[in-house]
>>> print(open('my_file24.pdb').read())   # PDB, C-alpha atoms
ATOM      1  CA  MET A 154      79.860 155.536  50.285
ATOM      2  CA  LEU A 155      82.688 154.592  52.648
ATOM      3  CA  PHE A 156      84.235 151.176  53.035
ATOM      4  CA  PHE A 157      86.757 149.842  55.512
ATOM      5  CA  SER A 158      87.666 146.550  57.093
ATOM      6  CA  SER A 159      84.719 144.729  58.605
ATOM      7  CA  VAL A 160      87.031 142.255  60.298
ATOM      8  CA  ALA A 161      87.046 144.048  63.621
ATOM      9  CA  ARG A 162      87.803 141.014  65.743
ATOM     10  CA  PRO A 163      88.779 137.398  65.223
ATOM     11  CA  PHE A 164      85.818 135.165  65.855
ATOM     12  CA  MET A 165      85.490 131.398  66.115
ATOM     13  CA  VAL A 166      82.022 130.060  66.783
ATOM     14  CA  VAL A 167      81.802 126.956  68.882
ATOM     15  CA  ALA A 168      79.175 125.032  67.009
ATOM     16  CA  ALA A 169      78.570 122.222  69.403
ATOM     17  CA  CYS A 170      77.450 122.484  72.981
ATOM     18  CA  LEU A 171      80.324 122.110  75.370
ATOM     19  CA  ALA A 172      80.671 119.085  77.547
ATOM     20  CA  ALA A 173      79.533 119.344  81.107
ATOM     21  CA  LEU A 174      82.198 121.188  83.033
ATOM     22  CA  GLY A 175      83.148 120.443  86.641
ATOM     23  CA  ARG A 176      84.654 123.119  88.853
ATOM     24  CA  PRO A 177      85.303 123.338  92.564
ATOM     25  CA  ASN A 178      82.764 125.485  94.370
ATOM     26  CA  PRO A 179      84.653 127.028  97.286
ATOM     27  CA  LEU A 180      82.033 129.644  98.084
ATOM     28  CA  PRO A 181      78.618 128.696  99.477
ATOM     29  CA  VAL A 182      76.732 130.968  97.110
ATOM     30  CA  THR A 183      73.479 130.054  95.412
ATOM     31  CA  GLU A 184      71.839 131.289  92.239
ATOM     32  CA  PRO A 185      68.200 131.127  91.119
ATOM     33  CA  GLN A 186      67.301 128.165  88.947
ATOM     34  CA  GLU A 187      67.444 128.280  85.158
ATOM     35  CA  GLY A 188      64.838 130.547  83.653
ATOM     36  CA  SER A 189      64.494 132.740  86.723
ATOM     37  CA  ILE A 190      65.475 136.376  86.872
ATOM     38  CA  VAL A 191      68.403 137.573  88.944
ATOM     39  CA  THR A 192      67.691 140.804  90.814
ATOM     40  CA  LEU A 193      70.784 142.901  91.439
ATOM     41  CA  VAL A 194      71.144 145.242  94.363
ATOM     42  CA  SER A 195      71.159 148.853  93.186
ATOM     43  CA  ARG A 196      74.677 150.193  92.894
ATOM     44  CA  ALA A 197      76.386 153.149  91.308
ATOM     45  CA  THR A 198      77.627 152.935  87.734
ATOM     46  CA  PRO A 199      81.340 152.003  87.862
ATOM     47  CA  ALA A 200      83.563 155.057  87.818
ATOM     48  CA  ALA A 201      86.488 155.501  85.442
ATOM     49  CA  PRO A 202      89.056 154.268  84.769
ATOM     50  CA  HIS A 203      87.687 151.135  83.126
ATOM     51  CA  TRP A 204      90.097 148.281  82.394
ATOM     52  CA  VAL A 205      88.212 146.005  80.012
ATOM     53  CA  ILE A 206      89.289 142.649  78.584
ATOM     54  CA  TYR A 207      87.333 140.531  76.116
ATOM     55  CA  SER A 208      87.360 136.737  76.004
ATOM     56  CA  ASP A 209      86.276 134.878  72.876
ATOM     57  CA  LYS A 210      89.154 132.503  72.170
ATOM     58  CA  TRP A 211      88.947 128.865  73.219
ATOM     59  CA  VAL A 212      91.563 128.105  75.880
ATOM     60  CA  SER A 213      92.566 124.459  76.262
ATOM     61  CA  GLY A 214      91.702 123.064  79.663
ATOM     62  CA  GLU A 215      89.661 126.053  80.735
ATOM     63  CA  ASN A 216      86.635 125.627  82.955
ATOM     64  CA  GLY A 217      84.779 128.898  82.747
ATOM     65  CA  PRO A 218      86.320 132.375  83.030
ATOM     66  CA  PRO A 219      89.893 132.591  84.319
ATOM     67  CA  ALA A 220      90.823 132.895  87.968
ATOM     68  CA  VAL A 221      90.835 136.486  89.169
ATOM     69  CA  SER A 222      94.604 136.297  89.688
ATOM     70  CA  ASP A 223      95.049 135.803  85.926
ATOM     71  CA  ILE A 224      93.278 139.079  85.165
ATOM     72  CA  LYS A 225      94.500 141.202  88.050
ATOM     73  CA  GLY A 226      94.442 144.845  87.056
ATOM     74  CA  TYR A 227      91.186 144.660  85.075
ATOM     75  CA  ASN A 228      87.741 145.562  86.355
ATOM     76  CA  VAL A 229      85.555 144.356  83.470
ATOM     77  CA  PHE A 230      85.632 140.919  81.823
ATOM     78  CA  ALA A 231      83.513 140.556  78.671
ATOM     79  CA  LEU A 232      82.314 137.104  77.614
ATOM     80  CA  SER A 233      82.091 137.071  73.830
ATOM     81  CA  PHE A 234      79.678 136.731  72.056
ATOM     82  CA  TRP A 235      75.926 136.759  72.410
ATOM     83  CA  LEU A 236      74.449 136.548  68.913
ATOM     84  CA  ILE A 237      70.950 137.064  67.595
ATOM     85  CA  SER A 238      70.844 133.272  67.164
ATOM     86  CA  GLY A 239      72.003 132.714  70.759
ATOM     87  CA  PRO A 240      75.240 132.598  72.738
ATOM     88  CA  ALA A 241      78.495 131.420  71.146
ATOM     89  CA  ASP A 242      82.081 130.831  72.253
ATOM     90  CA  GLN A 243      82.756 132.119  75.786
ATOM     91  CA  ALA A 244      79.183 133.339  76.218
ATOM     92  CA  LEU A 245      78.018 129.821  75.373
ATOM     93  CA  GLU A 246      80.515 128.254  77.735
ATOM     94  CA  TRP A 247      79.135 130.364  80.585
ATOM     95  CA  THR A 248      75.689 128.842  80.053
ATOM     96  CA  THR A 249      77.045 125.285  80.306
ATOM     97  CA  LEU A 250      78.249 125.811  83.865
ATOM     98  CA  ASP A 251      75.753 124.879  86.546
ATOM     99  CA  SER A 252      74.110 127.735  88.425
ATOM    100  CA  ALA A 253      76.063 127.190  91.641
ATOM    101  CA  THR A 254      79.368 127.318  89.751
ATOM    102  CA  ARG A 255      78.362 130.488  87.927
ATOM    103  CA  SER A 256      77.388 132.114  91.212
ATOM    104  CA  SER A 257      80.679 131.094  92.816
ATOM    105  CA  ILE A 258      82.683 132.529  89.925
ATOM    106  CA  HIS A 259      80.613 135.708  89.880
ATOM    107  CA  ALA A 260      81.095 136.147  93.622
ATOM    108  CA  SER A 261      84.862 135.757  93.316
ATOM    109  CA  TYR A 262      84.935 138.347  90.507
ATOM    110  CA  ALA A 263      82.778 140.771  92.506
ATOM    111  CA  ALA A 264      85.041 140.386  95.527
ATOM    112  CA  ALA A 265      87.995 141.309  93.299
ATOM    113  CA  GLY A 266      86.173 144.336  91.878
ATOM    114  CA  ILE A 267      85.660 142.786  88.440
ATOM    115  CA  ASN A 268      82.346 143.111  86.598
ATOM    116  CA  LEU A 269      81.374 140.158  84.429
ATOM    117  CA  ILE A 270      79.450 141.138  81.302
ATOM    118  CA  VAL A 271      78.511 139.671  77.939
ATOM    119  CA  SER A 272      79.438 141.238  74.598
ATOM    120  CA  ALA A 273      76.872 141.105  71.806
ATOM    121  CA  PHE A 274      77.121 140.743  68.018
ATOM    122  CA  GLY A 275      80.817 141.161  67.051
ATOM    123  CA  SER A 276      81.777 140.746  63.407
ATOM    124  CA  THR A 277      79.416 137.789  62.972
ATOM    125  CA  ASP A 278      76.099 139.645  63.299
ATOM    126  CA  ALA A 279      74.816 142.502  61.138
ATOM    127  CA  PRO A 280      71.577 143.264  62.978
ATOM    128  CA  THR A 281      70.321 146.175  60.901
ATOM    129  CA  SER A 282      71.178 144.697  57.509
ATOM    130  CA  THR A 283      69.564 141.359  58.372
ATOM    131  CA  GLY A 284      66.354 143.000  59.575
ATOM    132  CA  ALA A 285      66.558 142.100  63.267
ATOM    133  CA  ASP A 286      63.937 143.910  65.306
ATOM    134  CA  PRO A 287      65.842 146.247  67.653
ATOM    135  CA  THR A 288      63.380 146.052  70.537
ATOM    136  CA  ALA A 289      62.990 142.285  70.436
ATOM    137  CA  THR A 290      66.755 141.874  70.119
ATOM    138  CA  ALA A 291      67.348 144.135  73.120
ATOM    139  CA  ASN A 292      64.770 142.258  75.178
ATOM    140  CA  ASN A 293      66.365 138.920  74.325
ATOM    141  CA  LEU A 294      69.840 140.158  75.259
ATOM    142  CA  ALA A 295      68.570 141.621  78.534
ATOM    143  CA  ALA A 296      66.836 138.344  79.365
ATOM    144  CA  PHE A 297      70.148 136.512  78.837
ATOM    145  CA  VAL A 298      71.993 138.936  81.123
ATOM    146  CA  LYS A 299      69.412 138.463  83.864
ATOM    147  CA  GLN A 300      69.005 134.710  83.497
ATOM    148  CA  TYR A 301      72.738 134.060  83.720
ATOM    149  CA  GLY A 302      73.520 136.513  86.508
ATOM    150  CA  LEU A 303      75.741 138.933  84.593
ATOM    151  CA  ASP A 304      76.536 142.563  85.367
ATOM    152  CA  GLY A 305      75.583 143.991  82.009
ATOM    153  CA  ALA A 306      76.152 143.986  78.265
ATOM    154  CA  ASP A 307      78.611 145.416  75.776
ATOM    155  CA  ILE A 308      77.277 146.245  72.312
ATOM    156  CA  ASP A 309      79.904 145.382  69.698
ATOM    157  CA  TYR A 310      77.845 146.501  66.721
ATOM    158  CA  GLU A 311      79.776 145.971  63.491
ATOM    159  CA  ASP A 312      77.147 146.327  60.780
ATOM    160  CA  PHE A 313      79.444 148.164  58.383
ATOM    161  CA  ASN A 314      77.045 148.041  55.439
ATOM    162  CA  ALA A 315      74.327 149.754  57.461
ATOM    163  CA  VAL A 316      76.632 152.496  58.750
ATOM    164  CA  ASN A 317      78.251 153.042  55.347
ATOM    165  CA  ALA A 318      74.829 153.444  53.723
ATOM    166  CA  GLN A 319      74.577 156.772  55.600
ATOM    167  CA  ASP A 320      70.803 156.644  55.390
ATOM    168  CA  GLY A 321      70.108 156.700  59.119
ATOM    169  CA  SER A 322      69.170 153.033  59.351
ATOM    170  CA  ALA A 323      72.098 152.105  61.579
ATOM    171  CA  GLU A 324      71.669 155.119  63.832
ATOM    172  CA  ASN A 325      67.920 154.557  64.194
ATOM    173  CA  TRP A 326      68.406 150.863  64.933
ATOM    174  CA  LEU A 327      71.026 151.553  67.591
ATOM    175  CA  THR A 328      68.891 154.263  69.168
ATOM    176  CA  THR A 329      65.812 152.081  69.501
ATOM    177  CA  PHE A 330      67.873 149.100  70.611
ATOM    178  CA  THR A 331      69.738 151.059  73.289
ATOM    179  CA  GLN A 332      66.554 152.605  74.645
ATOM    180  CA  ALA A 333      64.912 149.183  74.890
ATOM    181  CA  LEU A 334      67.990 147.594  76.454
ATOM    182  CA  ARG A 335      68.317 150.293  79.115
ATOM    183  CA  ALA A 336      64.626 149.957  79.918
ATOM    184  CA  GLN A 337      65.301 146.317  80.785
ATOM    185  CA  LEU A 338      68.731 146.864  82.392
ATOM    186  CA  PRO A 339      68.373 149.982  84.577
ATOM    187  CA  GLU A 340      71.235 152.387  85.093
ATOM    188  CA  GLY A 341      73.014 151.815  88.365
ATOM    189  CA  GLN A 342      72.038 148.149  88.362
ATOM    190  CA  TYR A 343      73.553 147.035  85.059
ATOM    191  CA  ILE A 344      76.390 148.187  82.822
ATOM    192  CA  ILE A 345      75.707 149.010  79.173
ATOM    193  CA  THR A 346      78.681 149.853  76.959
ATOM    194  CA  HIS A 347      79.158 150.155  73.204
ATOM    195  CA  ALA A 348      82.292 149.245  71.241
ATOM    196  CA  PRO A 349      82.310 151.264  68.007
ATOM    197  CA  VAL A 350      85.275 151.491  65.672
ATOM    198  CA  ALA A 351      86.941 154.896  65.983
ATOM    199  CA  PRO A 352      86.110 156.092  62.424
ATOM    200  CA  TRP A 353      82.411 156.024  63.278
ATOM    201  CA  PHE A 354      82.970 159.146  65.370
ATOM    202  CA  SER A 355      84.126 161.077  62.293
ATOM    203  CA  PRO A 356      81.914 163.978  61.136
ATOM    204  CA  ILE A 357      82.264 162.777  57.529
ATOM    205  CA  TYR A 358      79.211 160.554  57.976
ATOM    206  CA  VAL A 359      76.222 162.549  56.780
ATOM    207  CA  SER A 360      73.859 160.439  58.900
ATOM    208  CA  GLY A 361      75.993 161.003  61.983
ATOM    209  CA  ALA A 362      77.166 157.447  62.736
ATOM    210  CA  TYR A 363      78.193 157.229  66.402
ATOM    211  CA  LEU A 364      78.172 160.997  66.900
ATOM    212  CA  ALA A 365      74.429 160.796  66.264
ATOM    213  CA  VAL A 366      74.084 157.761  68.527
ATOM    214  CA  ASP A 367      75.850 159.597  71.324
ATOM    215  CA  GLN A 368      73.673 162.657  70.874
ATOM    216  CA  THR A 369      70.448 160.664  71.041
ATOM    217  CA  VAL A 370      71.162 157.878  73.557
ATOM    218  CA  GLY A 371      74.612 158.617  74.910
ATOM    219  CA  SER A 372      73.122 159.291  78.340
ATOM    220  CA  LEU A 373      72.008 155.632  78.414
ATOM    221  CA  ILE A 374      75.503 154.305  77.605
ATOM    222  CA  ASP A 375      78.009 154.046  80.446
ATOM    223  CA  TRP A 376      81.093 154.309  78.230
ATOM    224  CA  TYR A 377      82.520 153.442  74.801
ATOM    225  CA  ASN A 378      85.154 150.739  74.263
ATOM    226  CA  VAL A 379      86.514 152.440  71.153
ATOM    227  CA  GLN A 380      88.280 150.163  68.672
ATOM    228  CA  PHE A 381      91.392 152.094  67.672
ATOM    229  CA  TYR A 382      92.551 149.282  65.404
ATOM    230  CA  ASN A 383      91.787 147.461  62.138
ATOM    231  CA  GLN A 384      91.288 150.741  60.297
ATOM    232  CA  GLY A 385      94.500 150.968  58.268
ATOM    233  CA  THR A 386      98.149 150.047  58.661
ATOM    234  CA  SER A 387      99.216 153.446  60.014
ATOM    235  CA  GLU A 388      95.995 154.453  61.765
ATOM    236  CA  TYR A 389      96.199 155.152  65.532
ATOM    237  CA  THR A 390      99.677 153.599  65.851
ATOM    238  CA  THR A 391     101.490 156.614  67.359
ATOM    239  CA  CYS A 392     100.597 158.684  70.402
ATOM    240  CA  THR A 393      99.899 161.661  68.159
ATOM    241  CA  GLY A 394      97.634 159.696  65.834
ATOM    242  CA  LEU A 395      95.875 157.980  68.704
ATOM    243  CA  LEU A 396      95.387 160.989  70.936
ATOM    244  CA  ASN A 397      95.500 164.267  69.035
ATOM    245  CA  THR A 398      95.355 164.173  65.233
ATOM    246  CA  SER A 399      94.006 161.305  63.165
ATOM    247  CA  SER A 400      94.760 160.839  59.474
ATOM    248  CA  SER A 401      92.841 162.462  56.640
ATOM    249  CA  THR A 402      91.289 159.059  55.913
ATOM    250  CA  TRP A 403      89.339 159.163  59.159
ATOM    251  CA  PRO A 404      89.415 162.843  60.154
ATOM    252  CA  SER A 405      88.685 163.984  63.695
ATOM    253  CA  THR A 406      88.785 160.498  65.211
ATOM    254  CA  ALA A 407      91.786 160.683  67.529
ATOM    255  CA  LEU A 408      90.813 160.556  71.200
ATOM    256  CA  PHE A 409      90.741 164.262  71.962
ATOM    257  CA  GLN A 410      89.208 165.061  68.563
ATOM    258  CA  ILE A 411      86.277 162.770  69.350
ATOM    259  CA  ALA A 412      85.853 164.579  72.665
ATOM    260  CA  ALA A 413      85.973 167.919  70.837
ATOM    261  CA  SER A 414      83.017 166.704  68.762
ATOM    262  CA  GLY A 415      80.968 166.487  71.942
ATOM    263  CA  VAL A 416      81.468 162.947  73.235
ATOM    264  CA  PRO A 417      82.357 163.019  76.955
ATOM    265  CA  LEU A 418      86.081 162.431  77.369
ATOM    266  CA  ASN A 419      85.575 160.259  80.450
ATOM    267  CA  LYS A 420      83.520 157.829  78.336
ATOM    268  CA  LEU A 421      86.200 157.218  75.712
ATOM    269  CA  VAL A 422      88.044 154.009  76.618
ATOM    270  CA  ILE A 423      91.033 153.338  74.355
ATOM    271  CA  GLY A 424      90.739 149.912  72.697
ATOM    272  CA  LYS A 425      93.787 148.038  71.389
ATOM    273  CA  PRO A 426      94.687 144.449  70.388
ATOM    274  CA  ALA A 427      96.829 142.445  72.799
ATOM    275  CA  THR A 428      99.293 141.379  70.097
ATOM    276  CA  ALA A 429      99.874 142.100  66.417
ATOM    277  CA  GLY A 430      98.190 138.770  65.711
ATOM    278  CA  ASP A 431      94.969 139.830  67.439
ATOM    279  CA  ALA A 432      94.108 142.391  64.752
ATOM    280  CA  ASN A 433      94.858 143.241  61.146
ATOM    281  CA  ASN A 434      96.597 146.460  62.168
ATOM    282  CA  GLY A 435      96.626 149.151  64.827
ATOM    283  CA  TYR A 436      98.778 147.272  67.346
ATOM    284  CA  MET A 437     100.953 149.224  69.800
ATOM    285  CA  ASP A 438     103.343 147.506  72.171
ATOM    286  CA  PRO A 439     102.256 147.805  75.828
ATOM    287  CA  SER A 440     105.149 150.062  76.853
ATOM    288  CA  THR A 441     104.455 152.541  74.051
ATOM    289  CA  LEU A 442     100.761 152.505  74.864
ATOM    290  CA  ALA A 443     101.615 153.147  78.514
ATOM    291  CA  GLY A 444     103.460 156.291  77.493
ATOM    292  CA  CYS A 445     100.454 157.457  75.482
ATOM    293  CA  LEU A 446      98.231 156.986  78.520
ATOM    294  CA  GLY A 447     100.577 159.152  80.540
ATOM    295  CA  THR A 448     100.270 161.903  77.943
ATOM    296  CA  ALA A 449      96.486 161.559  77.825
ATOM    297  CA  LYS A 450      96.128 161.622  81.588
ATOM    298  CA  ALA A 451      98.149 164.825  81.753
ATOM    299  CA  GLN A 452      95.502 166.343  79.441
ATOM    300  CA  GLY A 453      92.609 165.332  81.687
ATOM    301  CA  TRP A 454      91.685 161.877  80.356
ATOM    302  CA  ASP A 455      91.159 158.917  82.700
ATOM    303  CA  ALA A 456      88.608 156.662  80.964
ATOM    304  CA  GLY A 457      90.772 153.516  80.779
ATOM    305  CA  VAL A 458      91.754 150.854  78.270
ATOM    306  CA  MET A 459      90.048 147.962  76.514
ATOM    307  CA  VAL A 460      91.982 145.026  75.075
ATOM    308  CA  TRP A 461      91.141 142.279  72.613
ATOM    309  CA  GLU A 462      91.671 139.605  73.940
ATOM    310  CA  TYR A 463      92.338 137.097  76.748
ATOM    311  CA  PRO A 464      94.594 135.095  77.115
ATOM    312  CA  ASP A 465      96.934 137.047  74.818
ATOM    313  CA  ALA A 466      96.494 139.890  77.267
ATOM    314  CA  ALA A 467      96.309 139.066  80.943
ATOM    315  CA  ALA A 468      97.626 140.491  84.230
ATOM    316  CA  SER A 469     101.145 141.266  82.975
ATOM    317  CA  TRP A 470      99.860 143.107  79.868
ATOM    318  CA  ILE A 471      97.625 145.475  81.800
ATOM    319  CA  ALA A 472     100.283 146.007  84.479
ATOM    320  CA  THR A 473     102.614 147.328  81.797
ATOM    321  CA  VAL A 474      99.934 149.450  80.142
ATOM    322  CA  ARG A 475      98.938 151.009  83.466
ATOM    323  CA  SER A 476     102.486 151.419  84.788
ATOM    324  CA  VAL A 477     103.100 155.043  83.756
ATOM    325  CA  ALA A 478      99.798 156.770  84.510
ATOM    326  CA  PHE A 479      97.709 154.308  86.508
ATOM    327  CA  PRO A 480     100.049 151.977  88.418
ATOM    328  CA  GLU A 481      98.369 149.219  90.378
TER     329      GLU A 481
END
>>> encode(input="my_file24.pdb", output="structure tokens")
Amino acid sequence: MLFFSSVARPFMVVAACLAALGRPNPLPVTEPQEGSIVTLVSRATPAAPHWVIYSDKWVSGENGPPAVSDIKGYNVFALSFWLISGPADQALEWTTLDSATRSSIHASYAAAGINLIVSAFGSTDAPTSTGADPTATANNLAAFVKQYGLDGADIDYEDFNAVNAQDGSAENWLTTFTQALRAQLPEGQYIITHAPVAPWFSPIYVSGAYLAVDQTVGSLIDWYNVQFYNQGTSEYTTCTGLLNTSSSTWPSTALFQIAASGVPLNKLVIGKPATAGDANNGYMDPSTLAGCLGTAKAQGWDAGVMVWEYPDAAASWIATVRSVAFPE
């Protein structure tokens, strides 16, 4: 049985409902009333590269997601988190905005080429271990996405006990859940991503872990925001360890090794913390990471980068990270 850090992301739950938030509404855009379903116009799944930033942390004085100028260089903004018990933190804050304000913000993000999604679960929820029904959970998450006019959902499944059991329970739960979620959020209309920790792509798991998930429902997942952090003090902290050869602790989990195991290279988004304080370990400074991206691009990779989290990473962080291989 394998054990490693289950603290994959800092998480502070906002227990109380937020006060009513006022925000200028410069765009004359309307949204259906609460409880109605938003119908999105069919559109192609976003092409790589994907520049993804999560937002969970409370920011003093904020009034909904940041202005698009603050996150220039990204094309996906993930409100964190939707939990089995309901939305929390930035996902909760989104629900407190009135429908016209949400529509105005969404329109400004769309005009800037930024998709606004919600991330589910995080380190707080352990859906398989707690017995959550995968189909009902997927239906509830999809209903939230539709009701609040979002572009899709990210699945930050961190049920370490279920995966480490290696009995197939985690893989089966994720398979059923993903199938049910995609049935409600059709491809080309909504984004569905997963955010597994990198070790879950290792072949050492007898039940398959995320290699099995990819084999069974990978076609339903647009890409993976792979967490290359919080897995050991020296794990994934050099270009070699990140891209080509992982340690013996988590064998075959560097970027190109995961691709060699059959996961499409263009679906493997490199996830890193914004600062050393945003994770237990695995941090790389933006300039070093930029160099690694240049090396990866030269080998045919162009999937993009995910970062945890805003506001510790914003426009200047991603500008540096993209500067070598993907300049804005």
>>> resolve_selection(input="my_file24.pdb", expression="the PyMOL selection byres ((chain A and resi 337) around 12)", output="number ranges by chain")
A: 190, 192, 288-299, 305-306, 330-336, 338-340, 342-345, 373
>>> closest_residue(input="my_file24.pdb", among="A:Ser272, A:Thr406, A:Thr254, A:Ser476", to="Pro240 of chain A", atoms="only C-alpha atoms")
A:Ser272
>>> residues_around(input="my_file24.pdb", residues="Glu311 of chain A", least_positions_apart="6", cutoff="7 Å", atoms="only C-alpha atoms", output="CSV table (one decimal) with C-alpha atoms, keeping the file's coordinate frame")
chain,number,residue,atom,x,y,z
A,275,GLY,CA,80.8,141.2,67.1
A,276,SER,CA,81.8,140.7,63.4
A,279,ALA,CA,74.8,142.5,61.1
>>> atom_distance(input="my_file24.pdb", atom1="atom CA of Val474 of chain A", atom2="atom CA of Asp242 of chain A")
27.0 Å
>>> closest_residue(input="my_file24.pdb", among="A:Ala260, A:Ala478, A:Leu236, A:Ile267", to="Trp204 of chain A", atoms="all atoms listed in the file")
A:Ile267
>>> resolve_selection(input="my_file24.pdb", expression="the PyMOL selection byres ((chain A and resi 358) around 10)", output="ChimeraX atom specification")
/A:154-155,316-321,352-357,359-365
>>> closest_residue(input="my_file24.pdb", among="A:Ser238, A:Asn228, A:Ser282, A:Thr329", to="Ala264 of chain A", atoms="all atoms listed in the file")
A:Asn228
>>> closest_residue(input="my_file24.pdb", among="A:Val416, A:Asn216, A:Ala348, A:Ile411", to="Gln368 of chain A", atoms="all atoms listed in the file")
A:Val416
>>> resolve_selection(input="my_file24.pdb", expression="the PyMOL selection byres ((chain A and resi 197-202) around 7)", output="list in words")
Arg196, His203, Trp204, Glu340, Gly341, Ile344, Asn419, Asp455, Ala456 and Gly457 of chain A
>>> closest_residue(input="my_file24.pdb", among="A:Phe381, A:Trp211, A:Trp461, A:Tyr262", to="Asn434 of chain A", atoms="all atoms listed in the file")
A:Phe381
>>> atom_distance(input="my_file24.pdb", atom1="atom CA of Thr328 of chain A", atom2="atom CA of Gln300 of chain A")
24.2 Å
>>> atom_distance(input="my_file24.pdb", atom1="atom CA of Gln243 of chain A", atom2="atom CA of Gly284 of chain A")
25.5 Å
>>> residues_around(input="my_file24.pdb", residues="Gly394 of chain A", least_positions_apart="5", cutoff="9 Å", atoms="all atoms listed in the file", output="count of residues only")
8
>>> closest_residue(input="my_file24.pdb", among="A:Asn268, A:Thr393, A:Thr402, A:Ser372", to="Leu446 of chain A", atoms="only C-alpha atoms")
A:Thr393
>>> residues_around(input="my_file24.pdb", residues="Cys392 of chain A", least_positions_apart="3", cutoff="12 Å", atoms="all atoms listed in the file", output="MDAnalysis selection string")
chainID A and resid 381 387:389 395:399 407:409 423 435:438 440:449
>>> decode(input="my_file24.pdb", residues="segment 461-466 of chain A", atoms="all heavy atoms", output="short mmCIF file (atom, residue, chain, number, x, y, z; two decimals), in the first residue's frame")
data_model
loop_
_atom_site.label_atom_id
_atom_site.label_comp_id
_atom_site.auth_asym_id
_atom_site.auth_seq_id
_atom_site.Cartn_x
_atom_site.Cartn_y
_atom_site.Cartn_z
N TRP A 461 -1.27 26.92 -9.24
CA TRP A 461 -1.98 27.09 -7.98
C TRP A 461 -1.29 28.19 -7.20
O TRP A 461 -0.16 28.01 -6.82
CB TRP A 461 -1.98 25.78 -7.19
CG TRP A 461 -2.64 25.94 -5.85
CD1 TRP A 461 -2.05 26.18 -4.65
CD2 TRP A 461 -4.05 25.88 -5.59
NE1 TRP A 461 -2.97 26.27 -3.66
CE2 TRP A 461 -4.22 26.09 -4.20
CE3 TRP A 461 -5.18 25.68 -6.38
CZ2 TRP A 461 -5.48 26.11 -3.60
CZ3 TRP A 461 -6.42 25.69 -5.78
CH2 TRP A 461 -6.56 25.90 -4.41
N GLU A 462 -1.72 29.37 -6.95
CA GLU A 462 -3.04 29.84 -7.28
C GLU A 462 -3.02 31.37 -7.36
O GLU A 462 -2.02 32.01 -6.97
CB GLU A 462 -4.05 29.41 -6.20
CG GLU A 462 -3.75 30.05 -4.84
CD GLU A 462 -4.83 29.78 -3.79
OE1 GLU A 462 -6.03 29.84 -4.13
OE2 GLU A 462 -4.46 29.52 -2.64
N TYR A 463 -4.10 31.97 -7.83
CA TYR A 463 -4.29 33.42 -7.81
C TYR A 463 -4.56 33.86 -6.37
O TYR A 463 -5.24 33.15 -5.64
CB TYR A 463 -5.49 33.78 -8.70
CG TYR A 463 -5.76 35.27 -8.76
CD1 TYR A 463 -5.07 36.08 -9.64
CD2 TYR A 463 -6.69 35.86 -7.90
CE1 TYR A 463 -5.29 37.45 -9.68
CE2 TYR A 463 -6.93 37.23 -7.93
CZ TYR A 463 -6.22 38.02 -8.82
OH TYR A 463 -6.43 39.37 -8.86
N PRO A 464 -4.05 35.03 -5.92
CA PRO A 464 -3.31 36.05 -6.65
C PRO A 464 -1.79 35.90 -6.61
O PRO A 464 -1.09 36.79 -7.09
CB PRO A 464 -3.75 37.32 -5.94
CG PRO A 464 -3.88 36.91 -4.50
CD PRO A 464 -4.43 35.51 -4.55
N ASP A 465 -1.29 34.81 -6.01
CA ASP A 465 0.16 34.64 -5.93
C ASP A 465 0.77 34.51 -7.33
O ASP A 465 1.93 34.86 -7.53
CB ASP A 465 0.51 33.43 -5.07
CG ASP A 465 0.03 33.61 -3.64
OD1 ASP A 465 -0.17 34.76 -3.22
OD2 ASP A 465 -0.17 32.60 -2.94
N ALA A 466 0.00 33.96 -8.23
CA ALA A 466 0.35 34.00 -9.65
C ALA A 466 -0.69 34.87 -10.33
O ALA A 466 -1.88 34.75 -10.05
CB ALA A 466 0.35 32.61 -10.26
#
